[in-house]
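The block underneath contains the structure these notes are about, expressed in C-alpha cells.
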There are 2 protein chains.
Amino acid sequence: MKNKEITIYDIAKALDISPATVSRGLRDHPAINRKTKKKIMDIAKEMGYRSNTFASSLRLKRTNTIGVIVHRLDSYFVAMVLAGMEKVASESGYNLIISQSLESMAKEVANANTMFNSRVDGLMVSLAYDTEDVSHFDPFITKGIPLLFFDRVYKHKNCPTVVIDNFKSAYEITTHLIKQGCKRIAHVTGDLKRNVYADRFEGYKKALEDNGLVYSDELLIINYLNEHIGHNVDAAQQLLNMNPRPDGVFITNDAFAAYCMRELRLAGVAVPQDIAVAGFNNDPISELVDPNLTTINYPSYEMGEVAAKTLINHLKGESNMLLTDSIVLKSELIIRESSLKKGLL
Amino acid sequence: MKNKEITIYDIAKALDISPATVSRGLRDHPAINRKTKKKIMDIAKEMGYRSNTFASSLRLKRTNTIGVIVHRLDSYFVAMVLAGMEKVASESGYNLIISQSLESMAKEVANANTMFNSRVDGLMVSLAYDTEDVSHFDPFITKGIPLLFFDRVYKHKNCPTVVIDNFKSAYEITTHLIKQGCKRIAHVTGDLKRNVYADRFEGYKKALEDNGLVYSDELLIINYLNEHIGHNVDAAQQLLNMNPRPDGVFITNDAFAAYCMRELRLAGVAVPQDIAVAGFNNDPISELVDPNLTTINYPSYEMGEVAAKTLINHLKGESNMLLTDSIVLKSELIIRESSLKKGLL
C-alpha cells in the first residue's frame with residue numbers, strides 16, 4: 001500500500017489518541033505536552049506522513065513557491081543570480097520554480113501562464129530579447145500576485161525592478177577606452193529593445209559625445225549575445241571588416257568579448273595595441289583569458305539575493321515592495337590588460 | 001476584490017449558462033459546441049480564472065512538478081544540465097522546483113524534506129560532496145515517488161542513474177598524457193566519496209599501471225573544486241611544491257585547470273613544455289584560455305535532457321525507469337595544445 005497517503009487519522013489510531021490531538025501536536029500547539037508531541041512527530045516521520053501542504057494551500061491560498069523566469073539557464077550570469085535567489089528563498093522556506101524563455105516572447109508568455117496556473121506566491125522575471133510588451137503578466141497584477149523584474153526589466157508602476165546603472169557603467173568603461181587613446185570605438189551588444197543593452201548603448205554614445213568623438217551607426221554591431229562559440233565569429237568578422245578599422249571595442253558580455261579576442265588574435269590583430277577590448281559582467285573568464293579583460297563588475301549573486309529578499313519580505317508583510325520603483329546595485333569598472341594601450345592613467 | 005478567486009460559478013453567471021456547461025467547456029468536452037467553448041474560454045481569461053490545479057492535485061495526487069537538487073547552482077556544468085532538464089520538462093507540461101545543497105549533506109537532507117512536503121511527482125538529484133548515505137531519500141522510495149540520480153550518483157536498486165563513463169574518460173586522458181611523454185602525472189580532483197571523482201581516480205591509476213608508471217599518494221591533490229578563484233591557488237602551489245615536480249597533471253574540472261594554468265604561468269612554468277595540463281568537462285573556458293585546454297567532452301545539456309525524459313516517461317507510464325540500472329552517455333577526449341608536449345601522435 002505504498003501509495004496510500006498517511007493521514008492524521010492513521011497516526012491517531014497508531015497512538016490510540018484523538019485525531020484532534022494529533023493535528024494540534026503536528027502544529028506544535030501549546031495545549032499538547034512535549035512528550036506527546038515528540039511521540040506524534042516520531043511516528044509521523046516513521047509512517048511517512050506529509051504535512052498537507054495542498055489542503056492548507058487551498059485554505060490559505062499560499063503555495064510557498066516563487067516563480068522565476070529567466071532568458072536562459074545556460075549562462076554563467078543567470079546561474080549566479082539563481083544561486084543568490086535560491087539561498088535566500090530556501091532560508092525563508094520558499095521553493096523556487098524556475099523556467100527559461102530561451103529568448104522568445106512566445107515561450108515567455110507560455111511560462112507566465114504556467115506560473116500563474118501553478119499559483120506561485122510571487123514572480124521574478126528577466127525578459128527575453130524580443131519581448132514587446134508585458135501584458136502576459138497582467139493576470140498577476142490583476143490578482144495582486146507580486147511581480148518584480150530584475151536585470152532585463154520593464155518599467156511598470158506595479159513592479160519594482162532590481163538593476164545596476166547600465167548607462168553609468170557603459171559611460172565609465174567607454175571613457176576609460178577614450179583615455180587610453182582610442183578614437184574609433186566600436187560597440188557590440190544585444191537587442192536594443194532590452195533596457196540593459198539600450199542603456200549601455202546610450203552610455204557609450206554619451207561618453208563619445210562628451211569627449212568630442214563622433215558616433216556613427218557603422219560602429220554598432222547588434223548580435224545575439226551568448227556564451228557559446230560560433231554565433232560570435234560573425235561579430236568578430238564584422239569588427240575586422242570595418243573600414244577604417246576601430247582601435248577599441250566595448251562588448252557588453254565577457255564571454256563574447258573573450259571569443260572576439262580569440263578571433264582577433266587569429267587574424268593577427270594585437271589586443272590592446274591594435275584594438276583595445278572591454279567586456280561586461282566580470283565573469284571568471286575575464287580573469288583567465290590572455291590578456292585579462294577589462295570589464296564591469298556586475299554583482300549577479302547579490303542581485304539574486306536582493307530580488308528574492310525584496311519579494312519575500314513583501315510576501316511576509318514585513319515591507320511593501322510596491323513603494324519601491326527600483327533598486328540599483330553598485331557596479332564598478334575593473335581595468336585589466338585588454339584595454340591598457342598606454343598603461344594606467 | 002482582486003484577491004477573490006474566480007470560479008466556474010462566476011463564469012456561469014456572467015454567461016447565463018449552467019456551471020456544468022462551463023466546467024465541460026473548460027475541459028474541452030465534446031458535448032459543448034465550439035462557439036460556446038470559445039465564449040467560455042474568452043471570458044475565463046478575461047476574468048482571470050485559474051484552472052484549479054490544487055484541487056485536482058489533491059484528487060489525482062499529482063502536482064506536475066519535478067524536484068531537482070544540485071550540488072550548486074553557480075556552476076557552468078550545472079547550468080547546462082538544468083537548461084536541458086527545463087527544456088524537456090516545459091515541453092511536457094512539468095514545472096521544475098530547483099534547490100542546491102551547497103555541497104553540504106545537512107542542506108541536502110533539508111532540501112529532500114522540502115521536496116517531499118512539496119509533493120513533487122519525481123526527483124532528480126546530484127549529490128553533495130560530503131553525503132555519506134542516501135537515507136534522506138527513503139521517504140520517496142517508500143512512497144513510490146520516482147527518484148533518479150545524475151552525475152554524482154548513488155547506487156540504489158530503486159534509483160536509475162544517468163552518468164558518463166568517468167573511469168574510461170580518465171583512463172583515456174591519462175593515457176594521452178603518457179603518450180605525450182609524461183612520466184610523473186599529478187591528479188587534482190574532488191572528494192573521493194563521490195563516484196565521479198572516485199571513478200576518475202581509478203581510471204587515472206589504471207592508466208599509469210598499464211603503462212608501467214608508479215602511482216604514489218603524493219601525486220594526488222584533493223581539493224574543493226569550484227569555479228571561483230582563490231580556492232585554487234593552494235592546489236597550484238601544491239603542484240609547484242611537489243618534489244620532483246610533475247611533468248603532467250590531470251585536473252577533473254576545466255575552470256579549475258584554467259586557474260591552475262594561470263598560476264603555473266605566473267610561476268614561470270611553461271604549459272605544456274614543463275607541465276602538460278588536462279581538464280574535464282569541455283566548458284567554454286577550455287577553448288578560450290591560452291594554450292587551449294585538452295579535456296573530456298561531458299554532454300551536460302544532453303544529460304539534463306535524458307534525465308528529465310527518463311523521469312517524465314516513467315511518470316506518464318510510457319516506460320518503466322525502474323527496469324533501468326544506469327544510462328551511460330557518450331563522453332570523448334578532446335586534444336588541444338595544453339597537453340601537446342610532442343605534437344599529435
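By order of appearance in the C-alpha cells: chains A, B, ..., then residues from 1 within every chain, and ligands from 1 in the order shown.
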Running DSSP on the backbone, which parts of range 206-283 of chain A land in strand (DSSP E or B), as an NGL selection string? :A and (220-222 or 248-251 or 276-278 or 281)
I need the chosen residues saved as a compact mmCIF listing (two decimals), in the first residue's frame, with N, CA and C atoms.
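File written: out.txt
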```txt
# COMPACT_ATOMS: atom_id res chain seq x y z
N LEU A 220 28.26 50.23 -34.65
CA LEU A 220 27.38 49.41 -33.81
C LEU A 220 27.16 48.03 -34.42
N ILE A 221 27.42 46.99 -33.65
CA ILE A 221 27.13 45.62 -34.08
C ILE A 221 26.13 45.02 -33.10
N ILE A 222 24.96 44.68 -33.59
CA ILE A 222 23.96 44.06 -32.72
C ILE A 222 23.96 42.57 -32.99
N GLY A 248 39.31 50.41 -30.73
CA GLY A 248 38.79 49.98 -29.43
C GLY A 248 37.41 49.38 -29.63
N VAL A 249 37.00 48.48 -28.73
CA VAL A 249 35.65 47.93 -28.82
C VAL A 249 35.13 47.64 -27.43
N PHE A 250 33.89 48.02 -27.23
CA PHE A 250 33.20 47.76 -25.97
C PHE A 250 32.12 46.73 -26.27
N ILE A 251 32.30 45.53 -25.68
CA ILE A 251 31.42 44.39 -25.94
C ILE A 251 30.66 44.08 -24.65
N ALA A 276 41.85 47.91 -28.45
CA ALA A 276 41.62 47.72 -27.02
C ALA A 276 40.24 47.09 -26.85
N VAL A 277 40.11 46.14 -25.92
CA VAL A 277 38.84 45.43 -25.76
C VAL A 277 38.33 45.58 -24.33
N ALA A 278 37.03 45.85 -24.19
CA ALA A 278 36.40 45.90 -22.87
C ALA A 278 35.14 45.05 -22.90
N ASN A 281 30.39 42.27 -17.11
CA ASN A 281 29.90 41.23 -16.18
C ASN A 281 30.92 40.81 -15.12
```
6 Å contact set for range 74-77 of chain B, only C-alpha atoms, chain neighbours under 2 positions out, as a ChimeraX atom specification: /A:76,79-80,83 /B:72,79-80
Write down, as an MDAnalysis selection string, each residue of chain B that has any atom within 7 Å of an atom of chain A, counting only C-alpha atoms. chainID B and resid 2:3 48 50:51 53:54 58 73:76 79:80 82:83 86 95:99 117:118 139 142:144 228 258:259 262 284:285 288:290
Just list the residues in range 18-243 of chain A DSSP gives helix (DSSP H, G or I) on the backbone, as a ChimeraX atom specification. /A:19-26,34-47,53-60,76-91,105-117,135-143,166-179,195-210,217-219,231-241
Find the residues near range 160-162 of chain B: any atom within 7 Å, counting only C-alpha atoms, skip ones fewer than 6 places away on the same chain, and give them as an MDAnalysis selection string. chainID B and resid 148:151 153 303 307 321:322 324:328
